[in-house]
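Shown below: query.csv, with CSV, C-alpha atoms.
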```
chain,number,residue,atom,x,y,z
Q,119,MET,CA,-46.9,-7.2,24.3
Q,120,THR,CA,-44.9,-5.6,21.5
Q,121,VAL,CA,-43.6,-7.8,18.8
Q,122,LYS,CA,-40.1,-6.9,17.6
Q,123,LEU,CA,-40.3,-7.2,13.9
Q,124,ASP,CA,-36.7,-6.2,12.9
Q,125,GLN,CA,-35.6,-9.9,13.2
Q,126,TYR,CA,-38.2,-10.8,10.6
Q,127,LEU,CA,-36.7,-8.4,8.1
Q,128,LYS,CA,-33.1,-9.4,8.1
Q,129,ALA,CA,-31.1,-10.9,5.3
Q,130,THR,CA,-29.1,-14.1,6.0
Q,131,ASP,CA,-27.1,-16.7,4.1
Q,132,VAL,CA,-30.3,-18.6,3.5
Q,133,VAL,CA,-32.8,-15.8,3.2
Q,134,ASP,CA,-30.4,-13.8,1.0
Q,135,TRP,CA,-32.8,-11.1,-0.2
Q,136,HIS,CA,-29.9,-8.7,-0.6
Q,137,GLN,CA,-28.9,-10.6,-3.8
Q,138,PRO,CA,-29.6,-8.5,-7.0
Q,139,SER,CA,-31.8,-11.2,-8.5
Q,140,VAL,CA,-34.1,-11.3,-5.5
Q,141,ILE,CA,-34.3,-7.5,-5.2
Q,142,ALA,CA,-35.2,-7.3,-8.9
Q,143,LEU,CA,-38.0,-9.8,-8.6
Q,144,ALA,CA,-39.3,-8.1,-5.4
Q,145,ARG,CA,-39.4,-4.8,-7.3
Q,146,THR,CA,-41.5,-6.3,-10.1
Q,147,LEU,CA,-43.9,-7.8,-7.6
Q,148,ALA,CA,-44.2,-4.5,-5.7
Q,149,PRO,CA,-43.8,-1.9,-8.4
Q,150,ASP,CA,-45.5,0.9,-6.7
Q,151,GLY,CA,-44.8,0.0,-3.1
Q,152,SER,CA,-48.5,-0.4,-2.7
Q,153,ASP,CA,-50.6,-2.0,0.1
Q,154,PRO,CA,-48.7,-4.7,2.0
Q,155,VAL,CA,-51.6,-7.1,1.6
Q,156,ALA,CA,-51.5,-6.7,-2.2
Q,157,ILE,CA,-47.7,-7.1,-2.2
Q,158,ALA,CA,-47.9,-10.2,0.0
Q,159,ARG,CA,-50.5,-11.7,-2.2
Q,160,ARG,CA,-48.4,-11.2,-5.4
Q,161,CYS,CA,-45.3,-12.6,-3.7
Q,162,PHE,CA,-47.2,-15.6,-2.4
Q,163,GLU,CA,-48.9,-16.4,-5.7
Q,164,TRP,CA,-45.6,-16.0,-7.6
Q,165,VAL,CA,-43.7,-18.4,-5.4
Q,166,ARG,CA,-46.6,-20.9,-5.2
Q,167,ASP,CA,-47.2,-20.9,-9.0
Q,168,GLU,CA,-43.9,-20.2,-10.6
Q,169,ILE,CA,-41.4,-22.2,-8.5
Q,170,ARG,CA,-41.9,-26.0,-9.0
Q,171,HIS,CA,-42.1,-28.2,-6.0
Q,172,SER,CA,-39.0,-30.5,-6.4
Q,173,TRP,CA,-40.7,-33.7,-5.3
Q,174,ASP,CA,-43.9,-33.2,-7.3
Q,175,TYR,CA,-41.8,-32.6,-10.5
Q,176,SER,CA,-38.8,-34.9,-9.6
Q,177,LEU,CA,-36.4,-31.9,-10.1
Q,178,ASN,CA,-32.8,-31.4,-9.0
Q,179,PRO,CA,-30.7,-29.9,-7.6
Q,180,VAL,CA,-31.8,-29.7,-4.0
Q,181,THR,CA,-32.1,-25.9,-3.3
Q,182,CYS,CA,-31.9,-24.1,0.0
Q,183,SER,CA,-31.0,-20.4,-0.2
Q,184,THR,CA,-33.3,-17.9,-1.8
Q,185,SER,CA,-30.9,-17.2,-4.7
Q,186,GLU,CA,-30.6,-21.0,-5.4
Q,187,VAL,CA,-34.3,-21.4,-5.5
Q,188,LEU,CA,-34.6,-18.5,-7.9
Q,189,GLU,CA,-31.7,-19.7,-10.1
Q,190,HIS,CA,-33.1,-23.2,-10.5
Q,191,GLY,CA,-36.8,-22.5,-10.3
Q,192,THR,CA,-37.4,-25.4,-8.0
Q,193,GLY,CA,-37.5,-26.2,-4.3
Q,194,LEU,CA,-39.1,-28.3,-1.6
Q,195,CYS,CA,-41.6,-26.6,0.7
Q,196,TYR,CA,-38.8,-25.4,2.9
Q,197,ALA,CA,-36.9,-23.7,0.1
Q,198,LYS,CA,-40.0,-22.2,-1.3
Q,199,SER,CA,-40.7,-20.7,2.2
Q,200,HIS,CA,-37.2,-19.3,2.2
Q,201,LEU,CA,-37.8,-17.5,-1.1
Q,202,LEU,CA,-41.2,-16.2,-0.1
Q,203,ALA,CA,-39.8,-14.8,3.2
Q,204,ALA,CA,-37.0,-13.1,1.2
Q,205,LEU,CA,-39.3,-11.5,-1.3
Q,206,LEU,CA,-41.5,-10.2,1.5
Q,207,ARG,CA,-38.5,-8.9,3.5
Q,208,ALA,CA,-37.1,-7.2,0.4
Q,209,SER,CA,-40.4,-5.3,0.2
Q,210,GLY,CA,-40.2,-4.3,3.9
Q,211,ILE,CA,-42.8,-6.8,5.0
Q,212,PRO,CA,-41.9,-8.9,8.1
Q,213,ALA,CA,-41.9,-12.7,7.4
Q,214,GLY,CA,-41.1,-15.7,9.5
Q,215,PHE,CA,-41.1,-19.5,9.3
Q,216,CYS,CA,-43.6,-22.0,10.7
Q,217,TYR,CA,-43.7,-25.8,10.5
Q,218,GLN,CA,-46.1,-28.6,10.7
Q,219,ARG,CA,-45.3,-32.2,11.5
Q,220,LEU,CA,-47.2,-34.4,9.0
Q,221,SER,CA,-47.4,-38.1,8.2
Q,222,ARG,CA,-45.7,-38.8,4.8
Q,223,ASP,CA,-47.7,-41.9,4.1
Q,224,GLU,CA,-50.9,-41.0,6.0
Q,225,PRO,CA,-51.8,-42.1,8.5
Q,226,GLY,CA,-48.8,-42.8,10.7
Q,227,GLU,CA,-45.0,-43.1,10.4
Q,228,PRO,CA,-42.9,-41.9,8.9
Q,229,TYR,CA,-43.4,-38.2,9.7
Q,230,CYS,CA,-41.7,-35.1,8.3
Q,231,LEU,CA,-41.8,-31.4,8.8
Q,232,HIS,CA,-43.6,-29.2,6.3
Q,233,GLY,CA,-42.4,-25.7,6.0
Q,234,LEU,CA,-44.6,-22.6,5.5
Q,235,ASN,CA,-44.5,-18.9,6.4
Q,236,ALA,CA,-46.1,-16.3,8.6
Q,237,VAL,CA,-46.3,-12.8,7.2
Q,238,TYR,CA,-47.0,-9.7,9.3
Q,239,LEU,CA,-49.8,-7.6,7.8
Q,240,PRO,CA,-50.7,-4.5,9.8
Q,241,ALA,CA,-54.4,-5.0,9.1
Q,242,TYR,CA,-54.4,-8.6,10.4
Q,243,GLY,CA,-51.3,-9.3,12.4
Q,244,TRP,CA,-49.5,-12.5,11.7
Q,245,TYR,CA,-51.1,-14.5,8.9
Q,246,LEU,CA,-50.0,-18.0,7.9
Q,247,VAL,CA,-49.4,-18.7,4.2
Q,248,ASP,CA,-48.2,-21.9,2.4
Q,249,ALA,CA,-46.6,-21.4,-1.0
Q,250,ARG,CA,-45.8,-25.2,-1.3
Q,251,GLY,CA,-47.6,-25.3,-4.7
Q,252,ASN,CA,-51.0,-26.6,-5.5
Q,253,LYS,CA,-51.9,-30.0,-7.1
Q,254,PRO,CA,-54.9,-32.3,-6.9
Q,255,GLY,CA,-55.9,-32.4,-3.2
Q,256,VAL,CA,-53.8,-29.3,-2.3
Q,257,ASP,CA,-55.3,-25.9,-2.6
Q,258,ALA,CA,-53.4,-23.3,-0.6
Q,259,GLN,CA,-54.7,-19.7,-1.1
Q,260,PHE,CA,-54.0,-16.2,0.2
Q,261,ALA,CA,-57.3,-15.2,1.9
Q,262,PRO,CA,-56.7,-13.1,5.0
Q,263,PRO,CA,-57.7,-13.3,7.8
Q,264,VAL,CA,-58.4,-17.0,7.3
Q,265,PRO,CA,-55.4,-19.3,6.6
Q,266,ARG,CA,-55.8,-21.6,3.6
Q,267,LEU,CA,-52.9,-24.0,4.0
Q,268,ALA,CA,-51.8,-26.9,1.8
Q,269,PHE,CA,-52.4,-29.5,4.6
Q,270,GLU,CA,-54.6,-29.9,7.6
Q,271,ILE,CA,-53.7,-31.7,10.8
Q,272,ARG,CA,-55.7,-35.0,10.5
Q,273,PHE,CA,-53.9,-37.9,12.0
Q,274,PRO,CA,-52.4,-38.8,15.4
Q,275,GLY,CA,-48.8,-37.7,15.6
Q,276,GLU,CA,-49.4,-34.7,13.4
Q,277,TYR,CA,-49.3,-31.2,14.8
Q,278,ASP,CA,-48.5,-27.5,14.2
Q,279,LEU,CA,-45.1,-26.6,15.8
Q,280,SER,CA,-45.5,-23.5,18.0
Q,281,GLY,CA,-43.9,-20.1,17.3
Q,282,ILE,CA,-42.9,-18.0,14.3
Q,283,LEU,CA,-39.2,-18.3,13.7
Q,284,ALA,CA,-37.0,-15.5,12.3
Q,285,ASP,CA,-34.7,-18.1,10.7
Q,286,PRO,CA,-35.3,-21.5,9.2
Q,287,ARG,CA,-34.8,-24.4,11.5
Q,288,PRO,CA,-31.1,-25.6,11.5
Q,289,ASP,CA,-32.2,-29.3,10.9
Q,290,VAL,CA,-34.1,-28.2,7.8
Q,291,VAL,CA,-31.2,-26.2,6.4
Q,292,ALA,CA,-28.8,-29.1,7.2
Q,293,ALA,CA,-31.0,-31.6,5.4
Q,294,LEU,CA,-31.2,-29.4,2.3
Q,295,ARG,CA,-27.5,-28.8,2.2
Q,296,ARG,CA,-26.5,-32.4,2.8
Q,297,PHE,CA,-27.7,-33.8,-0.5
Q,298,ASP,CA,-27.7,-32.9,-4.2
Q,299,ASP,CA,-30.5,-35.3,-5.3
Q,300,ILE,CA,-34.1,-34.9,-4.3
Q,301,ASN,CA,-34.5,-38.7,-3.7
Q,302,ASP,CA,-31.7,-38.7,-1.2
Q,303,VAL,CA,-33.0,-35.7,0.8
Q,304,TRP,CA,-36.5,-37.1,0.8
Q,305,ALA,CA,-35.4,-40.1,2.9
Q,306,TYR,CA,-33.8,-37.8,5.5
Q,307,LEU,CA,-36.4,-35.0,6.0
Q,308,PRO,CA,-36.5,-33.8,9.6
Q,309,ASP,CA,-39.6,-35.1,11.4
Q,310,GLY,CA,-39.9,-32.6,14.3
Q,311,ALA,CA,-40.6,-35.3,16.8
Q,312,SER,CA,-39.6,-33.2,19.8
Q,313,GLY,CA,-42.1,-30.5,18.8
Q,314,GLU,CA,-39.3,-27.9,19.3
```

Take the structure in the file and give it back as structure tokens.
Amino acid sequence: MTVKLDQYLKATDVVDWHQPSVIALARTLAPDGSDPVAIARRCFEWVRDEIRHSWDYSLNPVTCSTSEVLEHGTGLCYAKSHLLAALLRASGIPAGFCYQRLSRDEPGEPYCLHGLNAVYLPAYGWYLVDARGNKPGVDAQFAPPVPRLAFEIRFPGEYDLSGILADPRPDVVAALRRFDDINDVWAYLPDGASGE
């Protein structure tokens, strides 16, 4: 089965990689247009390490689009995944969106979605990466072909949502655009209960 990769390269209002600031950063992370694995690693590590996770650092505003994340230097996992996808796409590397349903207070309710990416690397196929940002107990790495994600599925009610989406989930985008304060959005994170 042939995978159509064009949809994983497009610019949108959320993954707005056509913005000059995004293109400029993508060029600095891929100065020689080298190996896609090397470019993907640099993009992943930059987003993971240079963009602060809004909840970890209690930072506002709530960001959604790639250019907002870059402007403010902060974002939840979803927004960070939007930026990573944009940087990869700006370098001609297909990137999509994946989600996990996780317990926020482990174990059990409430649940929320956690956003991450899949990047298409010719040597490996689709590879999952999680640029959420490391902290004690979280150690996401770029180590193809083995995914090293921020979180493992550990409790009943948690699961990986199937598929690699070309666009972020509408409920995720709506939650990010509904509020300006991180404490408000935190209470209304989508939980992915349907598995869709």

Just checking: using only C-alpha atoms, which residue out of Q:Ala241, Q:Leu123, Q:Cys230, Q:Ala144 ends up closest to Q:Gly310?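 Checking each of Q:Ala241, Q:Leu123, Q:Cys230, Q:Ala144 against Q:Gly310, counting only C-alpha atoms, the winner is Q:Cys230.
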
Tell me, as a ChimeraX atom specification, which residues lie within 10 Å of stretch 183-193 of chain Q, counting all atoms listed in the file; anything in the same chain fewer than 3 positions away does not count. /Q:130-140,143,165,168-180,196-205,250,291,294-295,300

Among listed residues Q:Gly251, Q:Gly243, Q:Pro212, Q:Pro228, nearest Q:Tyr306 (using all atoms listed in the file): Q:Pro228

Please indicate the distance in Å from atom CA of Q:Gln259 to atom CA of Q:Glu163, rounded to one decimal place.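 Atom-to-atom, atom CA of Q:Gln259 to atom CA of Q:Glu163, that is 8.1 Å.
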
Just how far from atom CA of Q:Trp244 is atom CA of Q:Leu279, in Å to one decimal?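 For atom CA of Q:Leu279 relative to atom CA of Q:Trp244, the distance reads 15.3 Å.
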
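Nearest to Q:Ala284 of all the residues Q:Pro149, Q:Pro154, Q:Gly233, Q:Gly214 is Q:Gly214, based on all atoms listed in the file.
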
Å distance separating atom CA of Q:Tyr217 from atom CA of Q:Gly281, one decimal place: 8.9 Å

Name all residues at most 10 Å from Q:Tyr126 (count all atoms listed in the file; drop same-chain ones fewer than 2 positions away) and give them as a PyMOL selection string. chain Q and resi 122-124+128-129+203-204+206-207+210-215+236-238+282-285

Given all atoms listed in the file as the basis, pick out the residue of Q:Ala293, Q:Ala258, Q:Ile141, Q:Val264 nearest to Q:Leu231.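 Of Q:Ala293, Q:Ala258, Q:Ile141, Q:Val264, the one nearest Q:Leu231, counting all atoms listed in the file, is Q:Ala293.
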
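The shortest atom-to-atom distance to Q:Pro265, with all atoms listed in the file taken into account, belongs to Q:Asn235 out of Q:Arg287, Q:Asn235, Q:Ala292, Q:Phe297.
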